[in-house]
file start_32.csv (CSV, C-alpha atoms)
chain,number,residue,atom,x,y,z
P,1,MET,CA,84.9,136.7,98.5
P,2,PRO,CA,86.7,133.8,96.8
P,3,ILE,CA,89.4,132.0,98.8
P,4,ARG,CA,93.0,132.3,97.5
P,5,LEU,CA,95.4,129.6,98.4
P,6,ASP,CA,99.2,129.4,98.5
P,7,PRO,CA,100.7,126.1,97.2
P,8,THR,CA,102.8,124.0,99.5
P,9,PRO,CA,106.6,123.7,98.9
P,10,THR,CA,107.6,120.9,96.5
P,11,PHE,CA,109.8,117.9,97.2
P,12,GLY,CA,112.5,119.8,95.3
P,13,ASP,CA,112.0,122.8,97.6
P,14,ARG,CA,112.3,120.6,100.7
P,15,LEU,CA,115.5,118.9,99.4
P,16,ARG,CA,117.1,122.3,98.6
P,17,ALA,CA,116.2,123.7,102.0
P,18,ALA,CA,117.3,120.6,104.0
P,19,ASP,CA,120.4,120.7,106.2
P,20,ARG,CA,120.3,117.0,106.9
P,21,THR,CA,119.4,113.7,105.2
P,22,LEU,CA,115.6,113.4,104.8
P,23,TYR,CA,113.9,110.1,105.7
P,24,GLY,CA,110.6,108.6,104.4
P,25,MET,CA,108.6,105.5,103.8
P,26,TRP,CA,106.3,104.0,101.2
P,27,SER,CA,102.6,103.9,101.4
P,28,CYS,CA,101.7,100.7,99.5
P,29,ALA,CA,98.5,99.5,101.2
P,30,GLY,CA,96.3,101.9,99.3
P,31,SER,CA,94.6,103.0,102.5
P,32,PRO,CA,94.1,106.8,103.2
P,33,LEU,CA,93.9,105.9,106.9
P,34,VAL,CA,97.2,104.1,106.8
P,35,ALA,CA,98.8,106.9,104.7
P,36,GLU,CA,97.6,109.4,107.4
P,37,ILE,CA,99.1,107.3,110.2
P,38,CYS,CA,102.4,107.3,108.2
P,39,ALA,CA,102.2,111.1,107.6
P,40,GLY,CA,101.9,111.7,111.3
P,41,SER,CA,104.9,109.6,112.2
P,42,GLY,CA,107.5,112.3,112.1
P,43,LEU,CA,109.1,111.1,108.9
P,44,ASP,CA,109.8,113.7,106.3
P,45,ILE,CA,108.4,111.9,103.2
P,46,VAL,CA,105.4,109.6,102.4
P,47,LEU,CA,105.8,108.1,99.0
P,48,ILE,CA,102.6,106.8,97.5
P,49,ASP,CA,103.3,103.9,95.3
P,50,GLY,CA,101.3,103.6,92.1
P,51,GLU,CA,103.7,101.1,90.4
P,52,HIS,CA,103.7,98.0,92.6
P,53,SER,CA,100.6,98.6,94.7
P,54,PRO,CA,96.9,98.1,94.2
P,55,VAL,CA,96.0,101.8,93.9
P,56,GLY,CA,94.2,103.9,91.3
P,57,LEU,CA,93.5,107.6,90.9
P,58,GLU,CA,90.8,107.7,93.5
P,59,SER,CA,93.0,106.0,96.1
P,60,ILE,CA,95.9,108.3,95.3
P,61,LEU,CA,93.7,111.3,95.6
P,62,ALA,CA,92.3,110.2,99.0
P,63,GLN,CA,95.9,109.5,100.3
P,64,LEU,CA,97.0,113.0,99.2
P,65,GLN,CA,94.0,114.5,101.0
P,66,ALA,CA,94.8,112.5,104.1
P,67,ILE,CA,98.5,113.4,104.1
P,68,ALA,CA,97.8,117.1,103.4
P,69,ALA,CA,97.2,117.9,107.1
P,70,TYR,CA,100.7,116.9,108.1
P,71,PRO,CA,104.2,118.3,107.5
P,72,ALA,CA,105.4,115.2,105.6
P,73,VAL,CA,105.8,115.8,101.9
P,74,PRO,CA,103.8,113.5,99.7
P,75,VAL,CA,105.5,112.0,96.5
P,76,VAL,CA,103.5,109.9,94.0
P,77,ARG,CA,105.2,107.2,92.0
P,78,ALA,CA,103.5,106.8,88.6
P,79,PRO,CA,103.1,103.3,87.3
P,80,ILE,CA,104.8,104.3,84.1
P,81,GLY,CA,106.3,107.4,82.5
P,82,ASP,CA,103.4,108.0,80.2
P,83,PRO,CA,102.4,111.6,79.6
P,84,VAL,CA,98.7,110.8,79.9
P,85,VAL,CA,99.1,109.1,83.3
P,86,LEU,CA,101.4,111.9,84.5
P,87,LYS,CA,98.8,114.5,83.4
P,88,GLN,CA,96.1,112.7,85.5
P,89,LEU,CA,98.3,112.5,88.6
P,90,LEU,CA,99.3,116.2,88.3
P,91,ASP,CA,95.7,117.3,87.8
P,92,LEU,CA,94.5,115.4,90.9
P,93,GLY,CA,97.0,117.4,92.9
P,94,ALA,CA,100.2,115.4,93.0
P,95,GLN,CA,102.8,118.1,93.0
P,96,ASN,CA,105.7,115.7,93.4
P,97,ILE,CA,106.1,113.0,90.8
P,98,LEU,CA,108.4,110.0,90.7
P,99,VAL,CA,108.9,108.1,87.4
P,100,PRO,CA,110.3,104.6,87.5
P,101,MET,CA,112.7,103.1,85.1
P,102,VAL,CA,114.3,106.1,83.4
P,103,ASP,CA,117.3,104.9,81.6
P,104,SER,CA,118.6,107.8,79.5
P,105,VAL,CA,118.8,111.5,79.0
P,106,GLU,CA,116.2,111.3,76.3
P,107,GLU,CA,113.8,109.6,78.6
P,108,ALA,CA,114.4,112.0,81.4
P,109,THR,CA,113.9,114.9,79.1
P,110,ALA,CA,110.6,113.5,77.9
P,111,MET,CA,109.5,113.2,81.5
P,112,VAL,CA,110.4,116.8,82.1
P,113,ARG,CA,108.2,117.8,79.2
P,114,ALA,CA,105.4,115.6,80.3
P,115,VAL,CA,105.1,117.5,83.7
P,116,ARG,CA,105.3,121.0,82.1
P,117,TYR,CA,102.8,123.1,80.2
P,118,PRO,CA,103.6,124.4,76.7
P,119,PRO,CA,105.8,125.9,75.4
P,120,HIS,CA,108.2,124.1,77.7
P,121,GLY,CA,106.3,120.8,77.7
P,122,VAL,CA,103.3,118.8,76.6
P,123,ARG,CA,101.1,118.7,79.7
P,124,GLY,CA,97.4,119.1,78.8
P,125,VAL,CA,95.7,122.1,80.2
P,126,GLY,CA,92.7,121.3,82.4
P,127,SER,CA,93.6,123.0,85.6
P,128,ALA,CA,90.4,125.0,86.0
P,129,LEU,CA,88.6,121.6,86.4
P,130,ALA,CA,91.3,120.1,88.7
P,131,ARG,CA,92.5,119.9,92.2
P,132,SER,CA,96.0,120.9,91.1
P,133,SER,CA,95.0,124.5,90.9
P,134,ARG,CA,92.4,124.0,93.7
P,135,TRP,CA,89.9,124.8,91.0
P,136,SER,CA,91.6,128.1,90.1
P,137,ARG,CA,92.0,129.2,93.7
P,138,ILE,CA,95.8,129.3,93.4
P,139,PRO,CA,96.5,132.7,91.8
P,140,ASP,CA,98.1,132.6,88.4
P,141,TYR,CA,98.4,128.8,88.5
P,142,LEU,CA,99.1,128.3,84.8
P,143,ALA,CA,101.9,130.8,84.8
P,144,ARG,CA,103.4,129.3,88.0
P,145,ALA,CA,102.6,125.6,87.5
P,146,ASN,CA,106.1,124.6,86.2
P,147,ASP,CA,107.6,125.8,89.5
P,148,LEU,CA,104.9,124.1,91.6
P,149,VAL,CA,105.8,120.6,90.4
P,150,SER,CA,108.9,118.5,91.2
P,151,LEU,CA,110.1,115.6,89.2
P,152,THR,CA,112.2,112.7,90.5
P,153,VAL,CA,113.4,109.9,88.2
P,154,GLN,CA,114.5,106.4,89.2
P,155,ILE,CA,117.8,104.9,88.4
P,156,GLU,CA,117.2,101.1,88.3
P,157,THR,CA,119.1,99.5,85.4
P,158,VAL,CA,122.7,99.2,84.2
P,159,ASP,CA,121.9,101.6,81.4
P,160,ALA,CA,120.6,104.2,83.8
P,161,LEU,CA,123.7,103.6,86.0
P,162,GLU,CA,126.0,104.4,83.1
P,163,ALA,CA,124.0,107.5,82.3
P,164,ALA,CA,123.4,108.7,85.9
P,165,GLY,CA,125.5,111.8,85.7
P,166,ALA,CA,124.0,112.9,82.5
P,167,ILE,CA,120.4,112.2,83.7
P,168,ALA,CA,121.2,114.2,86.9
P,169,GLY,CA,122.2,117.1,84.7
P,170,VAL,CA,118.9,117.3,82.8
P,171,ASP,CA,117.2,120.7,83.5
P,172,GLY,CA,113.9,120.0,85.2
P,173,VAL,CA,115.0,116.8,87.0
P,174,ASP,CA,114.8,117.7,90.7
P,175,ALA,CA,116.2,114.5,92.2
P,176,LEU,CA,117.2,110.9,91.5
P,177,LEU,CA,116.1,107.8,93.4
P,178,VAL,CA,118.1,104.6,93.2
P,179,GLY,CA,116.1,101.4,93.3
P,180,PRO,CA,118.7,98.8,94.4
P,181,ALA,CA,116.3,95.8,93.9
P,182,ASP,CA,115.8,96.4,90.2
P,183,LEU,CA,119.4,97.6,89.8
P,184,ALA,CA,120.7,94.4,91.4
P,185,ALA,CA,118.5,92.4,89.0
P,186,SER,CA,119.8,94.3,86.0
P,187,MET,CA,123.3,93.6,87.2
P,188,GLY,CA,122.6,89.8,87.3
P,189,LEU,CA,122.3,89.9,91.1
P,190,LEU,CA,118.6,89.3,91.6
P,191,GLY,CA,117.6,89.7,95.3
P,192,GLN,CA,121.1,90.8,96.3
P,193,GLN,CA,120.6,94.5,97.0
P,194,ASN,CA,123.4,94.4,99.6
P,195,HIS,CA,125.9,92.8,97.3
P,196,PRO,CA,129.2,94.8,97.3
P,197,ARG,CA,128.9,95.5,93.5
P,198,VAL,CA,125.3,96.9,94.0
P,199,ILE,CA,126.4,99.1,96.9
P,200,ASP,CA,129.3,100.4,94.9
P,201,ALA,CA,126.9,101.2,92.0
P,202,VAL,CA,124.5,103.0,94.4
P,203,GLU,CA,127.3,105.1,95.8
P,204,HIS,CA,128.5,105.9,92.2
P,205,VAL,CA,125.0,107.4,91.5
P,206,ILE,CA,125.1,109.4,94.7
P,207,GLU,CA,128.5,110.8,93.7
P,208,ALA,CA,127.3,111.5,90.2
P,209,GLY,CA,124.3,113.3,91.5
P,210,ARG,CA,126.3,115.4,93.9
P,211,ALA,CA,128.7,116.4,91.1
P,212,ALA,CA,125.7,117.6,89.0
P,213,GLY,CA,124.1,119.4,92.0
P,214,THR,CA,121.1,117.0,92.0
P,215,PRO,CA,120.0,115.3,95.2
P,216,VAL,CA,120.0,111.5,95.2
P,217,GLY,CA,117.9,109.2,97.3
P,218,VAL,CA,118.0,105.5,97.9
P,219,ASN,CA,115.6,102.7,98.9
P,220,ALA,CA,117.3,101.2,101.9
P,221,PHE,CA,115.1,99.2,104.3
P,222,ASP,CA,118.2,97.7,106.1
P,223,PRO,CA,119.2,100.3,108.8
P,224,ALA,CA,122.9,99.6,108.5
P,225,THR,CA,122.8,100.1,104.7
P,226,ALA,CA,120.7,103.2,105.1
P,227,ASP,CA,123.3,104.6,107.5
P,228,ARG,CA,126.1,103.8,105.0
P,229,TYR,CA,124.2,105.7,102.2
P,230,ALA,CA,123.6,108.6,104.4
P,231,ALA,CA,127.3,108.8,105.2
P,232,ALA,CA,128.0,108.6,101.4
P,233,GLY,CA,125.9,111.7,100.8
P,234,ALA,CA,122.4,110.5,100.0
P,235,ALA,CA,120.0,113.5,100.3
P,236,TYR,CA,117.1,111.3,101.3
P,237,LEU,CA,116.4,107.7,102.2
P,238,LEU,CA,113.3,105.5,102.1
P,239,VAL,CA,113.6,103.2,105.0
P,240,GLY,CA,110.4,101.2,105.2
P,241,SER,CA,106.9,100.7,104.0
P,242,ASP,CA,103.5,100.3,105.6
P,243,VAL,CA,103.0,96.8,104.3
P,244,THR,CA,106.5,95.5,105.3
P,245,LEU,CA,106.1,97.0,108.8
P,246,LEU,CA,102.7,95.3,109.2
P,247,ALA,CA,104.0,92.0,107.8
P,248,ARG,CA,107.1,91.8,110.1
P,249,ALA,CA,105.3,93.1,113.2
P,250,SER,CA,102.4,90.6,112.7
P,251,GLU,CA,104.9,87.8,112.2
P,252,GLY,CA,106.6,88.9,115.4
P,253,LEU,CA,103.3,88.6,117.3
P,254,ALA,CA,102.7,85.1,115.8
P,255,SER,CA,106.2,84.0,116.8
P,256,ARG,CA,105.7,85.3,120.3
P,257,PHE,CA,102.2,84.0,121.0
P,258,VAL,CA,101.7,81.1,118.6
P,259,GLY,CA,105.2,79.7,118.0
P,260,ASP,CA,107.5,79.3,115.1
P,261,ALA,CA,106.6,77.7,111.8
P,262,ASP,CA,108.4,74.5,112.8
P,263,GLY,CA,105.8,74.0,115.5
P,264,SER,CA,107.9,75.0,118.5
P,265,ALA,CA,106.0,76.6,121.3
P,266,PRO,CA,106.4,80.2,122.1
P,267,PRO,CA,108.7,81.1,125.1
P,268,ALA,CA,107.0,81.3,128.4
P,269,SER,CA,108.2,84.9,128.8
P,270,TYR,CA,110.8,87.4,127.6
call {"tool": "encode", "arguments": {"input": "start_32.csv", "output": "structure tokens"}}
result
Amino acid sequence: MPIRLDPTPTFGDRLRAADRTLYGMWSCAGSPLVAEICAGSGLDIVLIDGEHSPVGLESILAQLQAIAAYPAVPVVRAPIGDPVVLKQLLDLGAQNILVPMVDSVEEATAMVRAVRYPPHGVRGVGSALARSSRWSRIPDYLARANDLVSLTVQIETVDALEAAGAIAGVDGVDALLVGPADLAASMGLLGQQNHPRVIDAVEHVIEAGRAAGTPVGVNAFDPATADRYAAAGAAYLLVGSDVTLLARASEGLASRFVGDADGSAPPASY
């Protein structure tokens, strides 16, 4: 008798059901093993980065398979908001899509259409051949598919900042994510994510999302800044990444056992 499968809740479902701020981290190394370690950490979200990381479809697929055994919800950031790329990510089983650099209502609406089947969108139909439907083992997948996908769009420019409330109100946008690094750059404050103007801008987006009933998350690797955004009403926060954790921890080992870059010897003991 054929197996019939129930789909897992989407990121949007998790946000709607949450009674606290959710916390997650980025998977940037492209390693399914590392992604699995992150998924078992106790964090709520593992965000697979297809924009700034050396990953392709096969790597994303393997990471999704590794994360699937754990409660953490996987979200996949596309490299670009292209309907063909989004179709490929959806078909390989990415239920939760994050699109970078969405600057307007028109762009957000186009992304909603890209992740939905006709007549509500333009997603190509190939589910019988794809992991998204578990090869037709999810009953009535085509009829249900639009409800089995969540879409998050990133607010990363001054244009997006000004349109944040309207973008948050687009039907089919489940959440916003503020990228303070790119936002700071767009504001003429490159590398100054914690500048007061940037922090004010992020909090403006959080408030605009709350007014529209749309959850807003923020990239916030600095714990004090993350705490501030949580207090301001952020629905979720991305508080680290696999590669930065490895970089800083390995530097700590080198500092402890080898010495600092200026040639000073390590301390005899702590």
call {"tool": "closest_residue", "arguments": {"input": "start_32.csv", "among": "P:Gly188, P:Gly209, P:Gly56, P:Pro71", "to": "Val173 in chain P", "atoms": "all atoms listed in the file"}}
result
P:Gly209
call {"tool": "residues_near_point", "arguments": {"input": "start_32.csv", "point": "(127.6, 113.5, 89.2)", "cutoff": "10 Å", "atoms": "only C-alpha atoms", "output": "CSV table (one decimal) with C-alpha atoms, keeping the file's coordinate frame"}}
result
chain,number,residue,atom,x,y,z
P,163,ALA,CA,124.0,107.5,82.3
P,164,ALA,CA,123.4,108.7,85.9
P,165,GLY,CA,125.5,111.8,85.7
P,166,ALA,CA,124.0,112.9,82.5
P,167,ILE,CA,120.4,112.2,83.7
P,168,ALA,CA,121.2,114.2,86.9
P,169,GLY,CA,122.2,117.1,84.7
P,204,HIS,CA,128.5,105.9,92.2
P,205,VAL,CA,125.0,107.4,91.5
P,206,ILE,CA,125.1,109.4,94.7
P,207,GLU,CA,128.5,110.8,93.7
P,208,ALA,CA,127.3,111.5,90.2
P,209,GLY,CA,124.3,113.3,91.5
P,210,ARG,CA,126.3,115.4,93.9
P,211,ALA,CA,128.7,116.4,91.1
P,212,ALA,CA,125.7,117.6,89.0
P,213,GLY,CA,124.1,119.4,92.0
P,214,THR,CA,121.1,117.0,92.0
P,215,PRO,CA,120.0,115.3,95.2
P,216,VAL,CA,120.0,111.5,95.2
call {"tool": "atom_distance", "arguments": {"input": "start_32.csv", "atom1": "CA of Ser132 in chain P", "atom2": "CA of Ala110 in chain P"}}
result
21.0 Å
call {"tool": "residues_around", "arguments": {"input": "start_32.csv", "residues": "range 145-156 of chain P", "least_positions_apart": "3", "cutoff": "8 Å", "atoms": "only C-alpha atoms", "output": "number ranges by chain"}}
result
P: 7, 9-12, 95-103, 108, 112, 115-117, 141-142, 160-161, 164, 172-183, 186
call {"tool": "residues_near_point", "arguments": {"input": "start_32.csv", "point": "(100.9, 116.5, 78.0)", "cutoff": "10 Å", "atoms": "all atoms listed in the file", "output": "PDB file with C-alpha atoms, in the frame of the given file"}}
result
ATOM      1  CA  ASP P  82     103.400 108.000  80.200  1.00  0.00           C
ATOM      2  CA  PRO P  83     102.400 111.600  79.600  1.00  0.00           C
ATOM      3  CA  VAL P  84      98.700 110.800  79.900  1.00  0.00           C
ATOM      4  CA  VAL P  85      99.100 109.100  83.300  1.00  0.00           C
ATOM      5  CA  LEU P  86     101.400 111.900  84.500  1.00  0.00           C
ATOM      6  CA  LYS P  87      98.800 114.500  83.400  1.00  0.00           C
ATOM      7  CA  GLN P  88      96.100 112.700  85.500  1.00  0.00           C
ATOM      8  CA  MET P 111     109.500 113.200  81.500  1.00  0.00           C
ATOM      9  CA  ARG P 113     108.200 117.800  79.200  1.00  0.00           C
ATOM     10  CA  ALA P 114     105.400 115.600  80.300  1.00  0.00           C
ATOM     11  CA  VAL P 115     105.100 117.500  83.700  1.00  0.00           C
ATOM     12  CA  ARG P 116     105.300 121.000  82.100  1.00  0.00           C
ATOM     13  CA  TYR P 117     102.800 123.100  80.200  1.00  0.00           C
ATOM     14  CA  PRO P 118     103.600 124.400  76.700  1.00  0.00           C
ATOM     15  CA  GLY P 121     106.300 120.800  77.700  1.00  0.00           C
ATOM     16  CA  VAL P 122     103.300 118.800  76.600  1.00  0.00           C
ATOM     17  CA  ARG P 123     101.100 118.700  79.700  1.00  0.00           C
ATOM     18  CA  GLY P 124      97.400 119.100  78.800  1.00  0.00           C
ATOM     19  CA  VAL P 125      95.700 122.100  80.200  1.00  0.00           C
TER      20      VAL P 125
END
call {"tool": "residues_around", "arguments": {"input": "start_32.csv", "residues": "range 245-252 of chain P", "least_positions_apart": "3", "cutoff": "12 Å", "atoms": "only C-alpha atoms", "output": "list in words"}}
result
Met25, Trp26, Ser27, Cys28, Ala29, Val34, Cys38, Phe221, Val239, Gly240, Ser241, Asp242, Ser255, Arg256, Phe257, Val258, Gly259, Asp260, Ala261 and Pro266 of chain P
call {"tool": "closest_residue", "arguments": {"input": "start_32.csv", "among": "P:Asp6, P:Tyr23, P:Gly30, P:Val170", "to": "Pro223 in chain P", "atoms": "all atoms listed in the file"}}
result
P:Tyr23
call {"tool": "atom_distance", "arguments": {"input": "start_32.csv", "atom1": "CA of Glu58 in chain P", "atom2": "CA of Ile45 in chain P"}}
result
20.5 Å
call {"tool": "build_atoms", "arguments": {"input": "start_32.csv", "residues": "range 249-260 of chain P", "atoms": "all heavy atoms", "output": "PDB file, in the frame of the given file"}}
result
ATOM      1  N   ALA P 249     105.785  92.950 111.810  1.00  0.00           N
ATOM      2  CA  ALA P 249     105.300  93.100 113.200  1.00  0.00           C
ATOM      3  C   ALA P 249     104.237  91.988 113.466  1.00  0.00           C
ATOM      4  O   ALA P 249     104.202  91.423 114.575  1.00  0.00           O
ATOM      5  CB  ALA P 249     104.656  94.453 113.372  1.00  0.00           C
ATOM      6  N   SER P 250     103.387  91.670 112.496  1.00  0.00           N
ATOM      7  CA  SER P 250     102.400  90.600 112.700  1.00  0.00           C
ATOM      8  C   SER P 250     103.070  89.254 112.845  1.00  0.00           C
ATOM      9  O   SER P 250     102.642  88.401 113.640  1.00  0.00           O
ATOM     10  CB  SER P 250     101.349  90.612 111.603  1.00  0.00           C
ATOM     11  OG  SER P 250     101.939  90.388 110.341  1.00  0.00           O
ATOM     12  N   GLU P 251     104.144  89.035 112.064  1.00  0.00           N
ATOM     13  CA  GLU P 251     104.900  87.800 112.200  1.00  0.00           C
ATOM     14  C   GLU P 251     105.544  87.716 113.598  1.00  0.00           C
ATOM     15  O   GLU P 251     105.630  86.633 114.202  1.00  0.00           O
ATOM     16  CB  GLU P 251     105.986  87.728 111.141  1.00  0.00           C
ATOM     17  CG  GLU P 251     105.453  87.500 109.747  1.00  0.00           C
ATOM     18  CD  GLU P 251     106.460  87.853 108.669  1.00  0.00           C
ATOM     19  OE1 GLU P 251     107.624  88.176 109.020  1.00  0.00           O
ATOM     20  OE2 GLU P 251     106.091  87.825 107.486  1.00  0.00           O
ATOM     21  N   GLY P 252     105.997  88.869 114.106  1.00  0.00           N
ATOM     22  CA  GLY P 252     106.600  88.900 115.400  1.00  0.00           C
ATOM     23  C   GLY P 252     105.541  88.508 116.498  1.00  0.00           C
ATOM     24  O   GLY P 252     105.841  87.768 117.445  1.00  0.00           O
ATOM     25  N   LEU P 253     104.313  88.986 116.342  1.00  0.00           N
ATOM     26  CA  LEU P 253     103.300  88.600 117.300  1.00  0.00           C
ATOM     27  C   LEU P 253     102.987  87.100 117.189  1.00  0.00           C
ATOM     28  O   LEU P 253     102.830  86.428 118.227  1.00  0.00           O
ATOM     29  CB  LEU P 253     101.974  89.368 116.936  1.00  0.00           C
ATOM     30  CG  LEU P 253     101.958  90.866 117.257  1.00  0.00           C
ATOM     31  CD1 LEU P 253     100.673  91.492 116.726  1.00  0.00           C
ATOM     32  CD2 LEU P 253     102.103  91.110 118.752  1.00  0.00           C
ATOM     33  N   ALA P 254     102.922  86.576 115.968  1.00  0.00           N
ATOM     34  CA  ALA P 254     102.700  85.100 115.800  1.00  0.00           C
ATOM     35  C   ALA P 254     103.785  84.321 116.430  1.00  0.00           C
ATOM     36  O   ALA P 254     103.539  83.307 117.096  1.00  0.00           O
ATOM     37  CB  ALA P 254     102.507  84.802 114.334  1.00  0.00           C
ATOM     38  N   SER P 255     105.032  84.749 116.213  1.00  0.00           N
ATOM     39  CA  SER P 255     106.200  84.000 116.800  1.00  0.00           C
ATOM     40  C   SER P 255     106.111  84.050 118.313  1.00  0.00           C
ATOM     41  O   SER P 255     106.390  83.039 118.974  1.00  0.00           O
ATOM     42  CB  SER P 255     107.468  84.647 116.294  1.00  0.00           C
ATOM     43  OG  SER P 255     108.579  83.987 116.847  1.00  0.00           O
ATOM     44  N   ARG P 256     105.722  85.193 118.857  1.00  0.00           N
ATOM     45  CA  ARG P 256     105.700  85.300 120.300  1.00  0.00           C
ATOM     46  C   ARG P 256     104.561  84.525 120.944  1.00  0.00           C
ATOM     47  O   ARG P 256     104.737  83.847 121.960  1.00  0.00           O
ATOM     48  CB  ARG P 256     105.541  86.818 120.677  1.00  0.00           C
ATOM     49  CG  ARG P 256     105.173  87.113 122.131  1.00  0.00           C
ATOM     50  CD  ARG P 256     106.252  86.632 123.097  1.00  0.00           C
ATOM     51  NE  ARG P 256     105.929  86.979 124.470  1.00  0.00           N
ATOM     52  CZ  ARG P 256     105.131  86.265 125.259  1.00  0.00           C
ATOM     53  NH1 ARG P 256     104.554  85.159 124.793  1.00  0.00           N
ATOM     54  NH2 ARG P 256     104.900  86.637 126.507  1.00  0.00           N
ATOM     55  N   PHE P 257     103.378  84.546 120.332  1.00  0.00           N
ATOM     56  CA  PHE P 257     102.200  84.000 121.000  1.00  0.00           C
ATOM     57  C   PHE P 257     101.759  82.630 120.440  1.00  0.00           C
ATOM     58  O   PHE P 257     101.100  81.871 121.134  1.00  0.00           O
ATOM     59  CB  PHE P 257     101.037  84.964 120.918  1.00  0.00           C
ATOM     60  CG  PHE P 257     101.260  86.206 121.726  1.00  0.00           C
ATOM     61  CD1 PHE P 257     101.603  87.389 121.113  1.00  0.00           C
ATOM     62  CD2 PHE P 257     101.153  86.180 123.111  1.00  0.00           C
ATOM     63  CE1 PHE P 257     101.830  88.543 121.861  1.00  0.00           C
ATOM     64  CE2 PHE P 257     101.380  87.315 123.860  1.00  0.00           C
ATOM     65  CZ  PHE P 257     101.720  88.505 123.239  1.00  0.00           C
ATOM     66  N   VAL P 258     102.129  82.313 119.186  1.00  0.00           N
ATOM     67  CA  VAL P 258     101.700  81.100 118.600  1.00  0.00           C
ATOM     68  C   VAL P 258     102.834  80.072 118.477  1.00  0.00           C
ATOM     69  O   VAL P 258     102.651  78.876 118.678  1.00  0.00           O
ATOM     70  CB  VAL P 258     101.107  81.332 117.158  1.00  0.00           C
ATOM     71  CG1 VAL P 258     100.686  80.041 116.488  1.00  0.00           C
ATOM     72  CG2 VAL P 258      99.934  82.300 117.250  1.00  0.00           C
ATOM     73  N   GLY P 259     104.019  80.555 118.183  1.00  0.00           N
ATOM     74  CA  GLY P 259     105.200  79.700 118.000  1.00  0.00           C
ATOM     75  C   GLY P 259     105.710  79.798 116.606  1.00  0.00           C
ATOM     76  O   GLY P 259     105.086  80.361 115.713  1.00  0.00           O
ATOM     77  N   ASP P 260     106.884  79.234 116.387  1.00  0.00           N
ATOM     78  CA  ASP P 260     107.500  79.300 115.100  1.00  0.00           C
ATOM     79  C   ASP P 260     106.878  78.351 114.107  1.00  0.00           C
ATOM     80  O   ASP P 260     106.139  77.447 114.480  1.00  0.00           O
ATOM     81  CB  ASP P 260     109.009  79.018 115.206  1.00  0.00           C
ATOM     82  CG  ASP P 260     109.735  80.102 115.999  1.00  0.00           C
ATOM     83  OD1 ASP P 260     109.264  81.255 115.956  1.00  0.00           O
ATOM     84  OD2 ASP P 260     110.741  79.787 116.650  1.00  0.00           O
TER      85      ASP P 260
END
